[in-house]
Each structure stands twice: as C-alpha cells, then as structure tokens.
Amino acid sequence: MRPLSIKSGLIIFLASFALYLSFVGKDLLFLLMALVAVVGAIAADSLAAFLRQKKFILTESSVISGLIIGFVLSSIYPWWIFLAASGLAICSKHLFRIREKHLFNPAAFGIFLTTVLLGASTQWKGAGLWYILVPAGVYFVSKNRKLEIVLGYMAAFLVLFGAQAFFQKTPLWDVLIYQNYFFIFVMLIEPKTTPVTRKGKVVFGAAVAILIFILTVSRVKFEAELLSLLVVNVFSILLNKLK
C-alpha cells in the first residue's frame, strides 16, 4: 500500500477541520462555500491542464487551494465570489511561472485579488485555534522541511509586535494567543513558492513578518498577511542564493 502523500494528508486535515468547524459553529454555509471553492479550483485547473496537455487532470494542489479559499474568504458572499477566487488562484499558478514553478501562492493570490477587485473580505475561519493548528502544523512543517520559515517568521513577529505590545502596555501573551495560526502553518509554508535553502527560508519567514508589521502599523486597507506573502514570493528564487 502506497504511503499517504503530504498533499493528501493536508487535504484530509483541512476537510476534517472544516467539518469540525461547521458542526461546532452550526455553520453549514461555510462548508458549502468551501465546497464551491474546491469545485471551482478543480474545474479551472482541469481546464488549464486540458488546454496545455489535451487531457483532464485532477490535482491535489487544486483541492488544497479551494479548501484554503473556503477557510479564508468570508462565507457571507455569493457563490460566484468563491468561483472567482478559485479561478484567479489557478490562473496565477499557470500564468506566472519561473523555472517551471509558479511564482505566487495560488490561494493567497486568488483571495487577495478577490478582496481588491470584488470588495470581498476575509474571515480566517478557525485561525486562532492553536491547539488544533499547531500540532497538525508542526507535522506538515517537518514533512515539507520548512521549519526555518516558521522560526524566522515567529522570531521577527514576536520581536516587532512584542515591542509594540510593551510600549502600548498590553499583555505580551496577546501577541501569541491572537496569532493567525492558519496563515503560519498552512499558507506560509507552501512548498513551491518558498525557498529551499536554510538561510533563504529563515529570511523568507522573517521578511513576511516584517512586512506584515509595517503594513499593520501603516493601517493599509489591504489584507496584510496575504499582501506580504505575495510580495515576498517574488523574491523566493533570489533567496535561494543564500546558502
């Protein structure tokens, strides 16, 4: 029997987590919109594969992108918003490529453009449930060999937001408890759009955290996590030069 792949494991986790949140929160709409996003991502990716290879292919990555979109986009919006986000995510995967790899995190790209162009907002469903996301996240981080990204991110994040909390006389504990753990352990560590070298991964994680801090302090109207991730994605290949 072939062992479960990392992507298959992530799909099982995200789907199970979505079912749990839907049941606990009695939020069937969230589950329905997540399903719409998954179907949209699969359809868009299959169409793109057919146009390039003349055959339909179902990819695990399209399912993951759809699930992430379902978690992050607010489920109050109509179904076509989720289809648009999925379509944009898959378009970025096939259009913006360098050395046979896509440049941007697909889900982040689709969600961000949907918020900018269509006025949608985010909900980050379950993002604060650290007792679920951290144990699962540690597993996926180790499997993807992206520990340095998380460490670089956490170090920069805690220093910057910790200093801000100190000067504002707010509990340092709040910096930890209100972390966006879904972003850290699901989106930040996406394998193909992040560096592979040790120093590159540390700098990547730290750069994302620093940019989030700058955007947050500047009170930009855009989603700080998504914009920061997409900006640093652009420099991922350059960061691989850091051995």
# chains A, B, ... in the order shown; residues from 1 in each chain; ligands from 1
>>> residues_around(residues="Phe140 in chain A", least_positions_apart="4", cutoff="12 Å", atoms="only C-alpha atoms", output="VMD selection string")
chain A and resid 5 to 11 13 to 14 133 to 136 144 to 147 150 184 to 191
>>> select_by_dssp(residues="range 2-200 of chain A", states="helix (DSSP H, G or I)", output="PyMOL selection string")
chain A and resi 6-24+28-53+60-72+79-95+106-118+130-144+147-167+172-177+181-187+191-193+198-200
>>> residues_around(residues="range 200-214 of chain A", least_positions_apart="5", cutoff="12 Å", atoms="only C-alpha atoms", output="PDB file with N, CA and C atoms, in the first residue's frame")
ATOM      1  N   ASN A 144       7.379  19.041   5.083  1.00  0.00           N
ATOM      2  CA  ASN A 144       7.753  19.924   3.971  1.00  0.00           C
ATOM      3  C   ASN A 144       9.147  20.536   4.144  1.00  0.00           C
ATOM      4  N   ARG A 145       9.765  20.283   5.279  1.00  0.00           N
ATOM      5  CA  ARG A 145      11.088  20.811   5.602  1.00  0.00           C
ATOM      6  C   ARG A 145      11.106  22.346   5.535  1.00  0.00           C
ATOM      7  N   LYS A 146      10.140  22.939   6.204  1.00  0.00           N
ATOM      8  CA  LYS A 146      10.007  24.398   6.202  1.00  0.00           C
ATOM      9  C   LYS A 146      10.076  24.984   7.617  1.00  0.00           C
ATOM     10  N   LEU A 147      10.707  24.264   8.542  1.00  0.00           N
ATOM     11  CA  LEU A 147      10.787  24.732   9.924  1.00  0.00           C
ATOM     12  C   LEU A 147      11.453  26.098  10.011  1.00  0.00           C
ATOM     13  N   GLU A 148      12.487  26.314   9.205  1.00  0.00           N
ATOM     14  CA  GLU A 148      13.214  27.590   9.263  1.00  0.00           C
ATOM     15  C   GLU A 148      12.314  28.775   8.898  1.00  0.00           C
ATOM     16  N   ILE A 149      11.363  28.546   8.012  1.00  0.00           N
ATOM     17  CA  ILE A 149      10.435  29.632   7.648  1.00  0.00           C
ATOM     18  C   ILE A 149       9.603  30.030   8.863  1.00  0.00           C
ATOM     19  N   VAL A 150       9.065  29.042   9.545  1.00  0.00           N
ATOM     20  CA  VAL A 150       8.233  29.316  10.715  1.00  0.00           C
ATOM     21  C   VAL A 150       9.054  29.974  11.821  1.00  0.00           C
ATOM     22  N   LEU A 151      10.266  29.492  12.039  1.00  0.00           N
ATOM     23  CA  LEU A 151      11.124  30.071  13.086  1.00  0.00           C
ATOM     24  C   LEU A 151      11.496  31.509  12.755  1.00  0.00           C
ATOM     25  N   GLY A 152      11.850  31.767  11.501  1.00  0.00           N
ATOM     26  CA  GLY A 152      12.187  33.131  11.085  1.00  0.00           C
ATOM     27  C   GLY A 152      10.997  34.053  11.235  1.00  0.00           C
ATOM     28  N   TYR A 153       9.831  33.562  10.855  1.00  0.00           N
ATOM     29  CA  TYR A 153       8.604  34.355  10.966  1.00  0.00           C
ATOM     30  C   TYR A 153       8.281  34.661  12.423  1.00  0.00           C
ATOM     31  N   MET A 154       8.284  33.635  13.253  1.00  0.00           N
ATOM     32  CA  MET A 154       7.917  33.808  14.657  1.00  0.00           C
ATOM     33  C   MET A 154       8.884  34.726  15.383  1.00  0.00           C
ATOM     34  N   ALA A 155      10.178  34.594  15.090  1.00  0.00           N
ATOM     35  CA  ALA A 155      11.176  35.432  15.753  1.00  0.00           C
ATOM     36  C   ALA A 155      10.943  36.906  15.421  1.00  0.00           C
ATOM     37  N   ALA A 156      10.799  37.214  14.135  1.00  0.00           N
ATOM     38  CA  ALA A 156      10.585  38.607  13.722  1.00  0.00           C
ATOM     39  C   ALA A 156       9.241  39.123  14.228  1.00  0.00           C
ATOM     40  N   PHE A 157       8.224  38.286  14.142  1.00  0.00           N
ATOM     41  CA  PHE A 157       6.881  38.685  14.569  1.00  0.00           C
ATOM     42  C   PHE A 157       6.848  39.017  16.057  1.00  0.00           C
ATOM     43  N   LEU A 158       7.451  38.160  16.868  1.00  0.00           N
ATOM     44  CA  LEU A 158       7.436  38.366  18.313  1.00  0.00           C
ATOM     45  C   LEU A 158       8.261  39.578  18.726  1.00  0.00           C
ATOM     46  N   VAL A 159       9.382  39.794  18.062  1.00  0.00           N
ATOM     47  CA  VAL A 159      10.209  40.963  18.377  1.00  0.00           C
ATOM     48  C   VAL A 159       9.456  42.251  18.065  1.00  0.00           C
ATOM     49  N   LEU A 160       8.900  42.343  16.873  1.00  0.00           N
ATOM     50  CA  LEU A 160       8.238  43.573  16.431  1.00  0.00           C
ATOM     51  C   LEU A 160       6.916  43.819  17.159  1.00  0.00           C
ATOM     52  N   PHE A 161       6.049  42.836  17.142  1.00  0.00           N
ATOM     53  CA  PHE A 161       4.747  43.015  17.791  1.00  0.00           C
ATOM     54  C   PHE A 161       4.869  42.955  19.315  1.00  0.00           C
ATOM     55  N   GLY A 162       5.909  42.245  19.794  1.00  0.00           N
ATOM     56  CA  GLY A 162       6.169  42.232  21.228  1.00  0.00           C
ATOM     57  C   GLY A 162       6.606  43.598  21.725  1.00  0.00           C
ATOM     58  N   ALA A 163       7.476  44.261  20.959  1.00  0.00           N
ATOM     59  CA  ALA A 163       7.912  45.611  21.313  1.00  0.00           C
ATOM     60  C   ALA A 163       6.731  46.576  21.278  1.00  0.00           C
ATOM     61  N   GLN A 164       5.881  46.426  20.275  1.00  0.00           N
ATOM     62  CA  GLN A 164       4.695  47.274  20.182  1.00  0.00           C
ATOM     63  C   GLN A 164       3.784  47.058  21.392  1.00  0.00           C
ATOM     64  N   GLN A 179      -2.323  35.060  17.309  1.00  0.00           N
ATOM     65  CA  GLN A 179      -1.614  34.771  16.064  1.00  0.00           C
ATOM     66  C   GLN A 179      -2.565  34.148  15.049  1.00  0.00           C
ATOM     67  N   ASN A 180      -2.257  34.366  13.770  1.00  0.00           N
ATOM     68  CA  ASN A 180      -3.030  33.719  12.703  1.00  0.00           C
ATOM     69  C   ASN A 180      -2.349  32.385  12.385  1.00  0.00           C
ATOM     70  N   PHE A 183      -2.610  30.886   8.811  1.00  0.00           N
ATOM     71  CA  PHE A 183      -1.676  31.500   7.866  1.00  0.00           C
ATOM     72  C   PHE A 183      -0.282  30.913   8.037  1.00  0.00           C
ATOM     73  N   ILE A 184       0.166  30.777   9.265  1.00  0.00           N
ATOM     74  CA  ILE A 184       1.529  30.311   9.543  1.00  0.00           C
ATOM     75  C   ILE A 184       1.743  28.867   9.103  1.00  0.00           C
ATOM     76  N   PHE A 185       0.828  27.997   9.491  1.00  0.00           N
ATOM     77  CA  PHE A 185       1.059  26.565   9.309  1.00  0.00           C
ATOM     78  C   PHE A 185       0.432  25.960   8.058  1.00  0.00           C
ATOM     79  N   MET A 187      -0.507  28.347   4.926  1.00  0.00           N
ATOM     80  CA  MET A 187      -0.214  29.156   3.747  1.00  0.00           C
ATOM     81  C   MET A 187       1.253  29.570   3.643  1.00  0.00           C
ATOM     82  N   LEU A 188       1.845  29.959   4.753  1.00  0.00           N
ATOM     83  CA  LEU A 188       3.215  30.460   4.743  1.00  0.00           C
ATOM     84  C   LEU A 188       4.222  29.439   4.247  1.00  0.00           C
ATOM     85  N   ILE A 189       3.966  28.164   4.505  1.00  0.00           N
ATOM     86  CA  ILE A 189       4.967  27.120   4.223  1.00  0.00           C
ATOM     87  C   ILE A 189       4.738  26.411   2.889  1.00  0.00           C
ATOM     88  N   GLU A 190       3.890  26.971   2.019  1.00  0.00           N
ATOM     89  CA  GLU A 190       3.613  26.337   0.718  1.00  0.00           C
ATOM     90  C   GLU A 190       4.927  26.001   0.012  1.00  0.00           C
ATOM     91  N   PRO A 191       5.171  24.744  -0.326  1.00  0.00           N
ATOM     92  CA  PRO A 191       6.498  24.289  -0.772  1.00  0.00           C
ATOM     93  C   PRO A 191       7.058  24.945  -2.032  1.00  0.00           C
ATOM     94  N   THR A 193       6.489  27.803  -3.600  1.00  0.00           N
ATOM     95  CA  THR A 193       6.659  29.251  -3.717  1.00  0.00           C
ATOM     96  C   THR A 193       7.528  29.814  -2.603  1.00  0.00           C
ATOM     97  N   THR A 194       8.248  28.935  -1.922  1.00  0.00           N
ATOM     98  CA  THR A 194       9.147  29.354  -0.845  1.00  0.00           C
ATOM     99  C   THR A 194      10.553  28.808  -1.105  1.00  0.00           C
ATOM    100  N   PRO A 195      11.565  29.429  -0.504  1.00  0.00           N
ATOM    101  CA  PRO A 195      12.958  28.995  -0.736  1.00  0.00           C
ATOM    102  C   PRO A 195      13.214  27.578  -0.227  1.00  0.00           C
ATOM    103  N   ARG A 219      -1.558  50.828   8.718  1.00  0.00           N
ATOM    104  CA  ARG A 219      -3.016  50.727   8.590  1.00  0.00           C
ATOM    105  C   ARG A 219      -3.480  50.738   7.135  1.00  0.00           C
ATOM    106  N   VAL A 220      -2.782  49.961   6.323  1.00  0.00           N
ATOM    107  CA  VAL A 220      -3.204  49.837   4.931  1.00  0.00           C
ATOM    108  C   VAL A 220      -4.532  49.094   4.887  1.00  0.00           C
ATOM    109  N   PHE A 222      -5.474  46.917   2.729  1.00  0.00           N
ATOM    110  CA  PHE A 222      -5.378  45.572   2.170  1.00  0.00           C
ATOM    111  C   PHE A 222      -5.062  44.550   3.258  1.00  0.00           C
ATOM    112  N   GLU A 223      -5.327  43.294   2.950  1.00  0.00           N
ATOM    113  CA  GLU A 223      -5.054  42.204   3.885  1.00  0.00           C
ATOM    114  C   GLU A 223      -3.544  42.040   4.052  1.00  0.00           C
ATOM    115  N   ALA A 224      -3.032  42.352   5.244  1.00  0.00           N
ATOM    116  CA  ALA A 224      -1.582  42.422   5.474  1.00  0.00           C
ATOM    117  C   ALA A 224      -0.884  41.087   5.235  1.00  0.00           C
ATOM    118  N   GLU A 225      -1.453  39.987   5.766  1.00  0.00           N
ATOM    119  CA  GLU A 225      -0.799  38.681   5.615  1.00  0.00           C
ATOM    120  C   GLU A 225      -0.696  38.267   4.152  1.00  0.00           C
ATOM    121  N   LEU A 226      -1.779  38.408   3.430  1.00  0.00           N
ATOM    122  CA  LEU A 226      -1.795  37.969   2.036  1.00  0.00           C
ATOM    123  C   LEU A 226      -0.868  38.810   1.171  1.00  0.00           C
ATOM    124  N   LEU A 227      -0.937  40.128   1.327  1.00  0.00           N
ATOM    125  CA  LEU A 227      -0.088  41.012   0.532  1.00  0.00           C
ATOM    126  C   LEU A 227       1.385  40.776   0.840  1.00  0.00           C
ATOM    127  N   SER A 228       1.716  40.620   2.100  1.00  0.00           N
ATOM    128  CA  SER A 228       3.109  40.384   2.496  1.00  0.00           C
ATOM    129  C   SER A 228       3.637  39.087   1.904  1.00  0.00           C
ATOM    130  N   LEU A 229       2.826  38.036   1.972  1.00  0.00           N
ATOM    131  CA  LEU A 229       3.247  36.742   1.427  1.00  0.00           C
ATOM    132  C   LEU A 229       3.486  36.834  -0.074  1.00  0.00           C
ATOM    133  N   LEU A 230       2.591  37.496  -0.789  1.00  0.00           N
ATOM    134  CA  LEU A 230       2.721  37.608  -2.243  1.00  0.00           C
ATOM    135  C   LEU A 230       3.942  38.432  -2.637  1.00  0.00           C
ATOM    136  N   VAL A 231       4.207  39.498  -1.896  1.00  0.00           N
ATOM    137  CA  VAL A 231       5.372  40.333  -2.195  1.00  0.00           C
ATOM    138  C   VAL A 231       6.661  39.540  -2.008  1.00  0.00           C
ATOM    139  N   VAL A 232       6.768  38.827  -0.891  1.00  0.00           N
ATOM    140  CA  VAL A 232       7.995  38.071  -0.607  1.00  0.00           C
ATOM    141  C   VAL A 232       8.116  36.856  -1.523  1.00  0.00           C
ATOM    142  N   ASN A 233       6.988  36.320  -2.003  1.00  0.00           N
ATOM    143  CA  ASN A 233       7.026  35.237  -3.006  1.00  0.00           C
ATOM    144  C   ASN A 233       7.870  35.614  -4.206  1.00  0.00           C
ATOM    145  N   VAL A 234       7.811  36.884  -4.593  1.00  0.00           N
ATOM    146  CA  VAL A 234       8.540  37.366  -5.768  1.00  0.00           C
ATOM    147  C   VAL A 234      10.045  37.176  -5.602  1.00  0.00           C
ATOM    148  N   PHE A 235      10.523  37.251  -4.371  1.00  0.00           N
ATOM    149  CA  PHE A 235      11.967  37.186  -4.108  1.00  0.00           C
ATOM    150  C   PHE A 235      12.433  35.787  -3.695  1.00  0.00           C
ATOM    151  N   SER A 236      11.541  34.820  -3.763  1.00  0.00           N
ATOM    152  CA  SER A 236      11.865  33.476  -3.303  1.00  0.00           C
ATOM    153  C   SER A 236      13.065  32.876  -4.028  1.00  0.00           C
ATOM    154  N   ILE A 237      13.106  33.030  -5.349  1.00  0.00           N
ATOM    155  CA  ILE A 237      14.215  32.463  -6.127  1.00  0.00           C
ATOM    156  C   ILE A 237      15.528  33.138  -5.764  1.00  0.00           C
ATOM    157  N   LEU A 238      15.503  34.450  -5.566  1.00  0.00           N
ATOM    158  CA  LEU A 238      16.710  35.160  -5.160  1.00  0.00           C
ATOM    159  C   LEU A 238      17.192  34.701  -3.791  1.00  0.00           C
ATOM    160  N   LEU A 239      16.243  34.422  -2.891  1.00  0.00           N
ATOM    161  CA  LEU A 239      16.605  33.995  -1.550  1.00  0.00           C
ATOM    162  C   LEU A 239      17.268  32.616  -1.550  1.00  0.00           C
ATOM    163  N   ASN A 240      17.038  31.846  -2.612  1.00  0.00           N
ATOM    164  CA  ASN A 240      17.702  30.533  -2.723  1.00  0.00           C
ATOM    165  C   ASN A 240      19.217  30.651  -2.905  1.00  0.00           C
ATOM    166  N   LYS A 241      19.666  31.832  -3.248  1.00  0.00           N
ATOM    167  CA  LYS A 241      21.113  32.051  -3.394  1.00  0.00           C
ATOM    168  C   LYS A 241      21.800  32.149  -2.042  1.00  0.00           C
ATOM    169  N   LEU A 242      21.001  32.321  -0.975  1.00  0.00           N
ATOM    170  CA  LEU A 242      21.561  32.342   0.385  1.00  0.00           C
ATOM    171  C   LEU A 242      21.750  30.922   0.863  1.00  0.00           C
ATOM    172  N   LYS A 243      22.974  30.466   0.882  1.00  0.00           N
ATOM    173  CA  LYS A 243      23.254  29.064   1.267  1.00  0.00           C
ATOM    174  C   LYS A 243      23.322  28.900   2.782  1.00  0.00           C
TER     175      LYS A 243
END
>>> closest_residue(among="A:Ser142, A:Ile81, A:Tyr20, A:Val175", to="Leu113 in chain A", atoms="only C-alpha atoms")
A:Ile81
>>> closest_residue(among="A:Tyr139, A:Phe71, A:Phe23, A:Phe166", to="Phe182 in chain A", atoms="only C-alpha atoms")
A:Phe71
>>> closest_residue(among="A:Ser121, A:Thr197, A:Ser86, A:Ser22", to="Ile69 in chain A", atoms="only C-alpha atoms")
A:Ser86
>>> select_by_dssp(residues="range 44-203 of chain A", states="strand (DSSP E or B)", output="PyMOL selection string")
chain A and resi 73+97-98+101-102+122
>>> residues_around(residues="Leu88 in chain A", least_positions_apart="6", cutoff="8 Å", atoms="only C-alpha atoms", output="PyMOL selection string")
chain A and resi 106+109-110+113
>>> residues_around(residues="range 45-48 of chain A", least_positions_apart="4", cutoff="12 Å", atoms="only C-alpha atoms", output="PyMOL selection string")
chain A and resi 38-41+52-66+86-95+106
